[in-house]
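See below for start-v3.txt, which holds compact mmCIF, C-alpha atoms and all ligand atoms.
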```txt
# COMPACT_ATOMS: atom_id res chain seq x y z
CA MET A 1 -50.43 21.68 -1.18
CA GLN A 2 -51.51 25.29 -0.78
CA LYS A 3 -52.65 27.63 -3.50
CA MET A 4 -53.14 31.40 -3.50
CA MET A 5 -54.14 33.61 -6.39
CA ILE A 6 -52.66 36.97 -7.32
CA HIS A 7 -55.36 39.45 -8.36
CA TYR A 8 -55.00 42.84 -9.99
CA ASN A 9 -58.13 45.02 -9.75
CA ASP A 10 -60.02 41.95 -8.49
CA VAL A 11 -59.13 40.02 -11.67
CA PRO A 12 -57.31 36.72 -10.98
CA ILE A 13 -53.93 36.88 -12.74
CA TYR A 14 -51.85 33.88 -11.68
CA PRO A 15 -51.70 31.19 -8.99
CA ILE A 16 -48.92 30.63 -6.49
CA VAL A 17 -48.73 26.91 -5.74
CA LEU A 18 -46.80 25.80 -2.63
CA SER A 19 -46.15 22.09 -2.77
CA GLU A 20 -43.82 19.61 -1.08
CA ASN A 21 -42.86 18.05 -4.43
CA PHE A 22 -43.37 18.34 -8.20
CA ASP A 23 -46.39 15.98 -8.31
CA ALA A 24 -48.91 18.73 -9.12
CA LEU A 25 -46.75 20.56 -11.69
CA GLY A 26 -48.21 18.72 -14.70
CA GLU A 27 -51.76 19.64 -13.75
CA ALA A 28 -50.76 23.28 -13.20
CA LEU A 29 -49.13 23.30 -16.67
CA ASP A 30 -52.30 21.92 -18.28
CA ASP A 31 -54.17 25.04 -17.11
CA LEU A 32 -51.82 27.10 -19.31
CA MET A 33 -52.92 25.37 -22.54
CA ILE A 34 -49.44 24.65 -23.85
CA LYS A 35 -50.16 21.20 -25.33
CA ASP A 36 -49.28 22.46 -28.83
CA ARG A 37 -46.60 24.95 -27.72
CA LYS A 38 -42.83 24.89 -27.31
CA VAL A 39 -41.33 25.46 -23.87
CA CYS A 40 -37.76 26.45 -23.02
CA ILE A 41 -36.59 25.78 -19.46
CA VAL A 42 -34.04 28.39 -18.42
CA THR A 43 -31.85 27.43 -15.49
CA ASP A 44 -28.35 27.83 -14.06
CA SER A 45 -25.46 25.39 -13.86
CA HIS A 46 -26.11 24.40 -10.20
CA VAL A 47 -29.87 23.97 -10.40
CA ALA A 48 -29.58 22.06 -13.69
CA ASP A 49 -27.57 19.34 -11.94
CA PHE A 50 -30.27 18.88 -9.30
CA TYR A 51 -33.65 19.44 -10.96
CA LEU A 52 -33.51 19.93 -14.74
CA GLU A 53 -34.02 16.29 -15.69
CA GLN A 54 -37.02 15.86 -13.37
CA VAL A 55 -38.71 19.11 -14.42
CA GLU A 56 -37.97 18.68 -18.13
CA HIS A 57 -39.50 15.21 -18.00
CA ILE A 58 -42.75 16.64 -16.58
CA VAL A 59 -42.79 19.63 -18.94
CA LYS A 60 -42.24 17.38 -21.99
CA GLU A 61 -45.40 15.43 -21.18
CA HIS A 62 -47.52 18.59 -21.10
CA CYS A 63 -46.32 20.60 -24.14
CA ALA A 64 -45.38 20.00 -27.78
CA ALA A 65 -41.60 20.20 -27.28
CA ALA A 66 -39.30 21.09 -24.40
CA SER A 67 -35.73 22.35 -24.59
CA HIS A 68 -33.39 23.98 -22.10
CA PHE A 69 -30.91 26.84 -21.80
CA ILE A 70 -28.31 26.70 -19.02
CA PHE A 71 -26.08 29.61 -17.95
CA PRO A 72 -23.34 29.76 -15.28
CA ALA A 73 -24.78 30.14 -11.75
CA GLY A 74 -24.31 33.43 -9.93
CA GLU A 75 -25.22 37.12 -9.97
CA GLU A 76 -22.36 37.73 -12.48
CA SER A 77 -24.59 36.08 -15.11
CA LYS A 78 -27.50 38.47 -14.52
CA THR A 79 -26.50 40.60 -17.52
CA LEU A 80 -27.67 41.67 -20.95
CA THR A 81 -25.04 39.34 -22.42
CA THR A 82 -26.80 36.29 -20.97
CA VAL A 83 -30.12 37.69 -22.19
CA GLU A 84 -28.66 38.09 -25.69
CA ASN A 85 -27.45 34.49 -25.65
CA LEU A 86 -30.93 33.39 -24.63
CA TYR A 87 -32.53 35.50 -27.41
CA GLU A 88 -30.16 33.78 -29.86
CA PHE A 89 -31.16 30.35 -28.55
CA LEU A 90 -34.87 31.18 -28.87
CA ILE A 91 -34.44 32.53 -32.40
CA GLN A 92 -32.37 29.50 -33.50
CA ASN A 93 -35.05 27.22 -32.08
CA LYS A 94 -37.85 29.23 -33.71
CA PHE A 95 -39.73 30.22 -30.57
CA GLU A 96 -42.95 32.02 -31.38
CA ARG A 97 -45.11 34.48 -29.44
CA LYS A 98 -47.38 31.82 -27.95
CA ASP A 99 -44.50 29.64 -26.76
CA MET A 100 -43.35 29.84 -23.15
CA LEU A 101 -40.27 30.11 -20.91
CA VAL A 102 -39.85 28.36 -17.57
CA ALA A 103 -37.57 29.97 -14.97
CA LEU A 104 -36.19 27.07 -12.94
CA GLY A 105 -33.89 28.38 -10.21
CA GLY A 106 -33.22 31.21 -7.81
CA GLY A 107 -33.82 34.93 -8.14
CA VAL A 108 -31.13 35.35 -10.78
CA VAL A 109 -32.78 32.82 -13.10
CA GLY A 110 -36.24 34.29 -12.37
CA ASP A 111 -35.25 37.93 -12.97
CA LEU A 112 -33.31 37.12 -16.15
CA THR A 113 -35.87 34.73 -17.64
CA GLY A 114 -38.71 37.12 -16.83
CA PHE A 115 -36.89 39.99 -18.53
CA THR A 116 -36.18 37.88 -21.61
CA ALA A 117 -39.84 36.85 -21.71
CA ALA A 118 -40.91 40.50 -21.36
CA THR A 119 -38.83 41.60 -24.34
CA TYR A 120 -38.51 38.67 -26.76
CA LEU A 121 -41.00 39.25 -29.62
CA ARG A 122 -42.36 42.14 -27.47
CA GLY A 123 -43.39 39.71 -24.76
CA ILE A 124 -44.06 36.00 -24.38
CA ARG A 125 -45.38 33.98 -21.45
CA PHE A 126 -43.21 32.65 -18.66
CA ILE A 127 -43.66 30.76 -15.42
CA GLN A 128 -41.58 30.69 -12.26
CA ILE A 129 -40.39 27.49 -10.61
CA PRO A 130 -38.36 29.04 -7.77
CA THR A 131 -35.86 26.72 -6.12
CA SER A 132 -34.10 28.99 -3.60
CA LEU A 133 -35.76 30.11 -0.38
CA LEU A 134 -35.30 33.73 -1.44
CA ALA A 135 -37.00 33.10 -4.77
CA GLN A 136 -39.89 31.14 -3.22
CA VAL A 137 -40.78 33.92 -0.77
CA ASP A 138 -39.89 37.01 -2.75
CA SER A 139 -38.43 37.22 -6.26
CA SER A 140 -40.84 34.84 -8.04
CA ILE A 141 -43.87 36.92 -7.02
CA GLY A 142 -44.88 40.32 -8.37
CA GLY A 143 -43.37 40.45 -11.84
CA LYS A 144 -40.25 42.56 -11.22
CA THR A 145 -37.81 41.29 -13.84
CA GLY A 146 -34.46 42.59 -15.01
CA VAL A 147 -30.69 42.44 -15.10
CA ASP A 148 -27.74 44.36 -13.69
CA PHE A 149 -26.16 46.89 -16.05
CA ARG A 150 -22.49 47.89 -15.68
CA ALA A 151 -22.12 49.23 -12.11
CA TYR A 152 -25.86 49.33 -11.49
CA LYS A 153 -28.00 46.69 -9.82
CA ASN A 154 -31.30 45.76 -11.54
CA MET A 155 -30.94 48.88 -13.68
CA VAL A 156 -32.57 47.45 -16.82
CA GLY A 157 -35.86 45.64 -16.45
CA ALA A 158 -39.59 45.45 -16.93
CA PHE A 159 -42.69 44.51 -15.03
CA HIS A 160 -43.86 41.26 -16.58
CA GLN A 161 -46.09 38.92 -14.60
CA PRO A 162 -45.57 35.15 -14.69
CA LYS A 163 -48.51 32.89 -15.56
CA LEU A 164 -47.77 30.55 -12.65
CA VAL A 165 -45.48 30.33 -9.63
CA TYR A 166 -44.86 26.72 -8.58
CA SER A 167 -42.73 26.27 -5.46
CA CYS A 168 -41.53 22.82 -4.45
CA ALA A 169 -40.36 22.82 -0.83
CA GLU A 170 -38.25 19.69 -1.37
CA THR A 171 -35.80 21.68 -3.49
CA LEU A 172 -34.75 23.70 -0.44
CA LYS A 173 -32.99 20.63 0.96
CA THR A 174 -30.15 20.95 -1.56
CA LEU A 175 -29.50 24.65 -0.87
CA THR A 176 -26.26 25.44 0.93
CA SER A 177 -26.67 26.77 4.43
CA GLN A 178 -25.45 30.21 3.32
CA GLN A 179 -27.98 30.38 0.48
CA TYR A 180 -30.81 29.24 2.73
CA ILE A 181 -29.91 31.86 5.36
CA SER A 182 -29.69 34.54 2.66
CA GLY A 183 -33.39 33.90 1.96
CA LEU A 184 -34.12 34.50 5.63
CA GLY A 185 -32.93 38.10 5.11
CA GLU A 186 -35.98 38.84 2.92
CA ILE A 187 -38.22 36.86 5.29
CA ILE A 188 -37.18 38.95 8.32
CA LYS A 189 -37.81 41.98 6.09
CA HIS A 190 -41.41 40.83 5.51
CA GLY A 191 -42.05 40.68 9.26
CA LEU A 192 -40.41 44.01 9.96
CA ILE A 193 -42.23 45.96 7.24
CA LYS A 194 -45.72 44.49 7.54
CA ASP A 195 -46.35 42.07 10.37
CA ALA A 196 -44.91 42.38 13.89
CA ALA A 197 -46.61 39.12 14.95
CA TYR A 198 -44.85 37.27 12.11
CA TYR A 199 -41.53 38.82 13.17
CA GLU A 200 -42.14 37.48 16.71
CA TRP A 201 -43.11 34.08 15.26
CA LEU A 202 -39.86 33.94 13.31
CA LYS A 203 -37.87 34.61 16.48
CA ALA A 204 -39.85 32.00 18.43
CA HIS A 205 -39.32 29.35 15.72
CA LYS A 206 -35.68 30.13 15.03
CA GLU A 207 -34.35 26.63 15.85
CA ALA A 208 -36.93 24.86 13.66
CA ILE A 209 -36.38 27.37 10.84
CA LEU A 210 -32.61 26.93 10.92
CA ALA A 211 -33.04 23.15 11.09
CA ARG A 212 -35.29 23.44 7.98
CA ASP A 213 -38.11 21.56 9.67
CA THR A 214 -40.46 20.85 6.74
CA GLN A 215 -43.76 22.03 8.24
CA THR A 216 -42.21 25.12 9.84
CA VAL A 217 -40.56 26.06 6.54
CA ILE A 218 -43.80 25.56 4.59
CA ASP A 219 -45.73 27.68 7.12
CA MET A 220 -43.08 30.40 6.90
CA ILE A 221 -43.07 30.44 3.10
CA ALA A 222 -46.87 30.69 3.08
CA VAL A 223 -46.91 33.74 5.38
CA SER A 224 -44.11 35.50 3.48
CA CYS A 225 -45.80 34.82 0.12
CA HIS A 226 -49.02 36.20 1.55
CA ILE A 227 -47.32 39.41 2.70
CA LYS A 228 -45.60 39.89 -0.67
CA LYS A 229 -48.84 39.06 -2.50
CA GLU A 230 -50.83 41.72 -0.61
CA VAL A 231 -48.25 44.42 -1.28
CA VAL A 232 -47.88 43.71 -5.01
CA GLU A 233 -51.64 43.35 -5.49
CA ASN A 234 -52.19 46.82 -4.03
CA ASP A 235 -49.40 48.40 -6.07
CA PRO A 236 -48.24 46.20 -8.98
CA GLU A 237 -45.79 48.67 -10.56
CA GLU A 238 -44.46 50.46 -7.49
CA ALA A 239 -46.38 53.71 -7.72
CA GLY A 240 -46.30 53.85 -3.91
CA GLU A 241 -46.60 51.17 -1.24
CA ARG A 242 -44.58 48.53 -3.12
CA ALA A 243 -41.45 50.57 -2.32
CA LEU A 244 -41.80 49.25 1.26
CA LEU A 245 -40.42 45.93 -0.05
CA ASN A 246 -37.21 47.87 -0.61
CA PHE A 247 -36.58 48.10 3.14
CA GLY A 248 -32.86 47.36 3.61
CA HIS A 249 -32.18 47.62 -0.12
CA THR A 250 -31.16 51.29 -0.47
CA LEU A 251 -27.80 50.76 1.20
CA GLY A 252 -28.01 46.96 0.73
CA HIS A 253 -27.87 47.18 -3.08
CA ALA A 254 -24.88 49.56 -2.80
CA VAL A 255 -23.06 47.08 -0.55
CA GLU A 256 -23.93 44.20 -2.91
CA LYS A 257 -22.43 46.03 -5.87
CA LEU A 258 -19.39 47.41 -4.00
CA MET A 259 -18.58 43.94 -2.66
CA ASN A 260 -18.61 42.71 -6.26
CA PHE A 261 -21.36 40.18 -5.45
CA THR A 262 -19.09 38.29 -3.04
CA MET A 263 -21.91 38.78 -0.51
CA LEU A 264 -25.33 37.31 -1.25
CA HIS A 265 -28.40 39.46 -1.86
CA GLY A 266 -30.15 38.51 1.40
CA GLU A 267 -26.94 39.15 3.36
CA CYS A 268 -26.67 42.65 1.89
CA VAL A 269 -30.34 43.28 2.63
CA ALA A 270 -29.63 42.27 6.26
CA VAL A 271 -26.80 44.82 6.47
CA GLY A 272 -29.04 47.43 4.87
CA MET A 273 -31.87 46.62 7.31
CA HIS A 274 -29.46 47.29 10.17
CA ALA A 275 -28.66 50.75 8.76
CA ALA A 276 -32.36 51.49 8.17
CA ALA A 277 -33.31 50.34 11.69
CA TRP A 278 -30.58 52.57 13.14
CA LEU A 279 -31.87 55.54 11.13
CA SER A 280 -35.42 54.77 12.32
CA MET A 281 -34.15 54.90 15.91
CA GLU A 282 -32.29 58.16 15.25
CA LYS A 283 -35.52 59.65 13.91
CA GLY A 284 -37.39 58.60 17.05
CA MET A 285 -39.55 55.99 15.31
CA LEU A 286 -37.96 52.94 16.91
CA THR A 287 -36.89 52.49 20.53
CA GLU A 288 -33.29 51.61 21.29
CA ALA A 289 -34.51 48.26 22.65
CA ALA A 290 -36.33 47.51 19.37
CA TYR A 291 -33.26 48.52 17.35
CA LYS A 292 -31.06 46.21 19.44
CA ASP A 293 -33.60 43.41 19.15
CA ILE A 294 -33.54 43.74 15.34
CA THR A 295 -29.74 43.57 15.11
CA ASP A 296 -29.64 40.66 17.59
CA THR A 297 -32.30 38.82 15.59
CA ILE A 298 -30.48 39.32 12.29
CA VAL A 299 -27.26 38.01 13.83
CA SER A 300 -29.01 35.10 15.56
CA PHE A 301 -30.23 33.85 12.15
CA GLY A 302 -26.62 33.85 10.91
CA LEU A 303 -26.86 37.02 8.83
CA PRO A 304 -24.37 39.90 8.87
CA VAL A 305 -25.13 43.40 10.19
CA SER A 306 -21.93 45.04 8.95
CA VAL A 307 -19.30 44.89 6.21
CA LYS A 308 -15.55 45.19 6.16
CA GLY A 309 -13.36 46.98 3.64
CA LEU A 310 -15.78 49.64 2.44
CA GLU A 311 -15.89 53.38 3.12
CA PRO A 312 -19.23 54.93 4.19
CA GLU A 313 -18.78 57.64 1.52
CA GLN A 314 -18.57 54.96 -1.20
CA ILE A 315 -21.76 53.32 0.04
CA VAL A 316 -23.61 56.64 -0.01
CA ALA A 317 -22.32 57.55 -3.47
CA VAL A 318 -23.39 54.21 -4.96
CA SER A 319 -26.78 54.24 -3.21
CA LYS A 320 -27.44 57.66 -4.73
CA SER A 321 -26.82 56.27 -8.20
CA ASP A 322 -29.54 53.64 -7.63
CA LYS A 323 -32.82 53.97 -9.50
CA LYS A 324 -34.78 54.71 -6.33
CA MET A 325 -34.02 58.44 -6.37
CA ASP A 326 -36.97 60.82 -6.37
CA LYS A 327 -36.22 64.44 -7.39
CA GLY A 328 -32.61 63.97 -6.31
CA ARG A 329 -33.59 62.59 -2.89
CA VAL A 330 -33.15 59.01 -1.77
CA LYS A 331 -36.45 57.22 -1.16
CA PHE A 332 -35.62 55.57 2.17
CA ILE A 333 -37.74 52.95 3.92
CA LEU A 334 -37.89 53.26 7.71
CA LEU A 335 -39.68 51.39 10.50
CA ASP A 336 -42.32 53.29 12.44
CA PRO A 337 -42.10 51.09 14.53
CA GLU A 338 -41.18 47.40 13.90
CA GLY A 339 -43.90 45.65 11.86
CA HIS A 340 -44.84 48.89 10.08
CA ALA A 341 -42.68 50.47 7.38
CA VAL A 342 -42.95 53.96 5.91
CA ILE A 343 -41.40 55.79 2.95
CA ASP A 344 -39.22 58.75 3.95
CA ARG A 345 -38.04 61.27 1.35
CA SER A 346 -36.49 63.66 3.88
CA ILE A 347 -33.21 61.86 4.61
CA ARG A 348 -30.32 64.31 4.35
CA ASP A 349 -26.87 63.36 3.03
CA GLU A 350 -25.29 63.56 6.49
CA GLN A 351 -27.94 61.18 7.89
CA LEU A 352 -27.28 58.76 5.03
CA LEU A 353 -23.56 58.94 5.75
CA ALA A 354 -24.14 58.34 9.46
CA ALA A 355 -26.29 55.28 8.66
CA ALA A 356 -23.62 53.98 6.26
CA SER A 357 -20.97 54.47 8.99
CA VAL A 358 -22.98 52.23 11.35
CA ILE A 359 -22.63 49.27 8.98
CA VAL A 360 -18.94 49.68 8.19
CA ARG A 361 -16.75 47.52 10.38
CA ASN A 362 -13.17 48.33 11.21
CA GLY A 363 -10.61 46.01 12.77
CA GLU A 364 -12.02 43.21 14.89
CA GLN A 365 -15.34 44.88 15.79
CA SER A 366 -18.30 42.66 14.69
N1 LIG A 401 -37.65 40.28 -8.71
C1 LIG A 401 -37.73 40.44 -7.39
O1 LIG A 401 -38.76 40.85 -6.86
C2 LIG A 401 -36.55 40.08 -6.55
C3 LIG A 401 -36.71 39.96 -5.15
C4 LIG A 401 -35.62 39.60 -4.38
C5 LIG A 401 -34.39 39.34 -4.99
N2 LIG A 401 -34.28 39.45 -6.34
C6 LIG A 401 -33.01 39.11 -7.00
O2 LIG A 401 -32.80 37.71 -6.79
C7 LIG A 401 -31.39 37.45 -6.80
C8 LIG A 401 -31.05 36.62 -5.59
O3 LIG A 401 -31.77 35.42 -5.64
P1 LIG A 401 -31.15 34.07 -5.06
O4 LIG A 401 -30.65 34.30 -3.69
O5 LIG A 401 -32.14 33.00 -5.29
O6 LIG A 401 -29.85 33.91 -5.94
P2 LIG A 401 -29.45 32.89 -7.10
O7 LIG A 401 -30.46 32.79 -8.14
O8 LIG A 401 -28.06 33.26 -7.51
O9 LIG A 401 -29.43 31.49 -6.34
C9 LIG A 401 -28.53 31.33 -5.30
C10 LIG A 401 -27.59 30.12 -5.55
O10 LIG A 401 -28.27 28.96 -5.15
C11 LIG A 401 -28.29 28.01 -6.20
N3 LIG A 401 -29.53 27.28 -6.08
C12 LIG A 401 -30.80 27.75 -6.31
N4 LIG A 401 -31.69 26.83 -5.97
C13 LIG A 401 -31.00 25.76 -5.51
C14 LIG A 401 -31.37 24.50 -4.97
N5 LIG A 401 -32.63 24.17 -4.79
N6 LIG A 401 -30.39 23.65 -4.61
C15 LIG A 401 -29.08 23.99 -4.74
N7 LIG A 401 -28.66 25.16 -5.21
C16 LIG A 401 -29.62 26.04 -5.59
C17 LIG A 401 -28.11 28.79 -7.47
O11 LIG A 401 -27.55 28.01 -8.48
C18 LIG A 401 -27.16 29.90 -6.98
O12 LIG A 401 -25.84 29.41 -7.01
C19 LIG A 401 -30.70 38.79 -6.84
O13 LIG A 401 -30.29 39.04 -8.15
C20 LIG A 401 -31.78 39.76 -6.44
O14 LIG A 401 -31.57 41.04 -6.95
C21 LIG A 401 -35.32 39.81 -7.12
O1 LIG A 402 -40.69 43.13 -5.27
C1 LIG A 402 -40.23 44.22 -4.93
O2 LIG A 402 -40.79 45.29 -5.23
C2 LIG A 402 -38.98 44.32 -4.15
O3 LIG A 402 -38.46 45.41 -3.94
C3 LIG A 402 -38.39 43.04 -3.64
C4 LIG A 402 -36.90 43.13 -3.37
O4 LIG A 402 -36.60 42.14 -2.40
C5 LIG A 402 -36.05 42.81 -4.60
O5 LIG A 402 -34.70 42.70 -4.23
C6 LIG A 402 -36.21 43.73 -5.79
O6 LIG A 402 -35.58 43.19 -6.91
C7 LIG A 402 -35.61 45.08 -5.58
O7 LIG A 402 -36.15 45.90 -6.52
P1 LIG A 402 -35.41 47.17 -7.11
O8 LIG A 402 -36.49 47.85 -7.87
O9 LIG A 402 -34.90 47.96 -5.96
O10 LIG A 402 -34.30 46.69 -7.96
ZN ZN A 403 -34.44 41.88 -2.29
```

Just dump the structure as structure tokens.
Amino acid sequence: MQKMMIHYNDVPIYPIVLSENFDALGEALDDLMIKDRKVCIVTDSHVADFYLEQVEHIVKEHCAAASHFIFPAGEESKTLTTVENLYEFLIQNKFERKDMLVALGGGVVGDLTGFTAATYLRGIRFIQIPTSLLAQVDSSIGGKTGVDFRAYKNMVGAFHQPKLVYSCAETLKTLTSQQYISGLGEIIKHGLIKDAAYYEWLKAHKEAILARDTQTVIDMIAVSCHIKKEVVENDPEEAGERALLNFGHTLGHAVEKLMNFTMLHGECVAVGMHAAAWLSMEKGMLTEAAYKDITDTIVSFGLPVSVKGLEPEQIVAVSKSDKKMDKGRVKFILLDPEGHAVIDRSIRDEQLLAAASVIVRNGEQS
């Protein structure tokens, strides 16, 4: 078991526990003093089948009463409607301000549960038990919570920090290959934005990573959590540096929305990272060899670098309706060079369109 602590202004805020199983969950719950409190486990229809019984059994032994709320799996559920249904459940079951929510699942469960916790009764406690690779290395850490609103990704949300992040590596074994690989999109992002040596390590350990070798996966999760932890500690509410975690997301979020969530988040981030790497090369920050290495690496991990059936103009239009605009300009994250990301506010519309054109595939081209 490994444990790291998130600090804000040198004050310890919450632990991130990386464990192979759920054996230490009870002890971690005891630290939250919930013996006389109600807990609601929020999860989705897939994760419930695998882990709800086991987790609810543990939670029940460490609080006054445990209940659960299950919603249909998938990004389509990350809406205010699901949040309203959860509010209703909490009201019907008389949840009070000192009671607690548990987000058991992937990034969708974590974002939605965190947002409900941030707003129900003006804010109650919640913890994250991330079960997807993406959630264990990225979404469970840092307190970004929210839902999609109409045509806009993550448009409604709040910063609300969990009281605990408890990752159980064993849960990754039941992830589909596509979901596991989607998580690798954010992991490659971590290397590219902050740590060139980690990026090289990922390439060198590709076979073991894809085979989900337990120790390799645990080591990888620990490094990625560490990178995310450092960024969010320095800039909890994205006043500056935290925007670097948005590498690949400016166009990636637009693709995700335009593809109606038929592509996974990490896949769209991979496509967006391709566009951003190309733009970095165009701006002279990345060599052509480095750009090619990045696209080859993304592909070698089984992730896409392009999409079919979209027009570059659509991608640009949707990315400009994202919340990351700053005085009418897109806040774009570039590599200067690989392993070091920068924020660029000078990208012109024609450059954005050229970058979007690079990721649009026509005919048989891959
Ligand atoms: N808040 C943040 O900082 C942050 C960071 C990155 C991504 N996100 C958000 O996270 C979401 C993507 O997260 P995700 O990829 O985890 O998606 P997800 O929550 O939809 O989970 C992916 C799928 O895997 C299933 N699943 C999860 N754990 C499983 C397990 N152990 N075994 C079997 N099936 C399992 C889920 O039921 C779902 O069908 C997006 O909405 C994205 O915007 C948020
Ligand atoms: O934690 C962050 O900050 C991130 O940007 C992590 C991203 O991987 C994540 O997808 C996040 O939800 C995107 O944030 P958004 O503010 O662009 O919606
Ligand atoms: Zn992301």

Next item on the list: Using only C-alpha atoms and all ligand atoms, pick whichever of A:Leu172, A:Val147, A:Ala270, A:Ala204 has the shortest atom-to-atom distance to ligand ZN 403 (chain A).
Entry: A:Ala270

Checklist line | At most 7 Å from ligand ZN 403 (chain A) (all atoms listed in the file): residue list as a VMD selection string | finding: chain A and resid 186 246 249 265 to 266 269

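Closest approach to Val307 in chain A among A:Ile333, A:Ile359, A:Met281, A:Ala289: A:Ile359, based on all atoms listed in the file.
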
Next item on the list: List the neighbours of Ser182 in chain A out to 6 Å using all atoms listed in the file; skip same-chain residues closer than 3 positions along the sequence, and give me the result as a PyMOL selection string.
Entry: chain A and resi 179+185+266-267

Item checked: Tyr120 in chain A surroundings by only C-alpha atoms, 10 Å radius, close-in-sequence under 3 positions cut, as a PyMOL selection string -> chain A and resi 83-84+86-87+90-91+95-97+115-117+123-125

Item checked: Selection near Phe126 in chain A, 10 Å with only C-alpha atoms, sequence-local residues under 6 positions removed, as a PyMOL selection string -> chain A and resi 39-41+99-103+110+113-118+160-165

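Comparing A:Ala65, A:Met220, A:Ile70, A:Ile127 by their smallest distance to Gly142 in chain A, the closest is A:Ile127 (using all atoms listed in the file).
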
Checklist line | Contacts to ligand LIG 401 (chain A) at 7 Å cut-off (all atoms listed in the file) as an MDAnalysis selection string | finding: chainID A and resid 44:47 50 73:75 78 105:109 111 131:135 138:145 154 171:176 179 182:183 264:266

Next item on the list: Figure out the distance between CA of Tyr166 in chain A and CA of Met5 in chain A, please, to one decimal in Å.
Entry: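 The value is 11.8 Å.
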
Notebook entry, point to check: In Å, with one decimal, what is the gap from CA of Lys292 in chain A to CA of Val231 in chain A?
Noted result: 27.0 Å

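Of the listed residues (A:Gly146, A:Pro15, A:Pro72, A:Gly248), A:Gly248 comes nearest to His190 in chain A; the distances count all atoms listed in the file.
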
Check: To one decimal place, how far is CA of Ile181 in chain A from CA of Ser319 in chain A in Å?
Finding: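 Interatomic distance, CA of Ile181 in chain A to CA of Ser319 in chain A: 24.2 Å.
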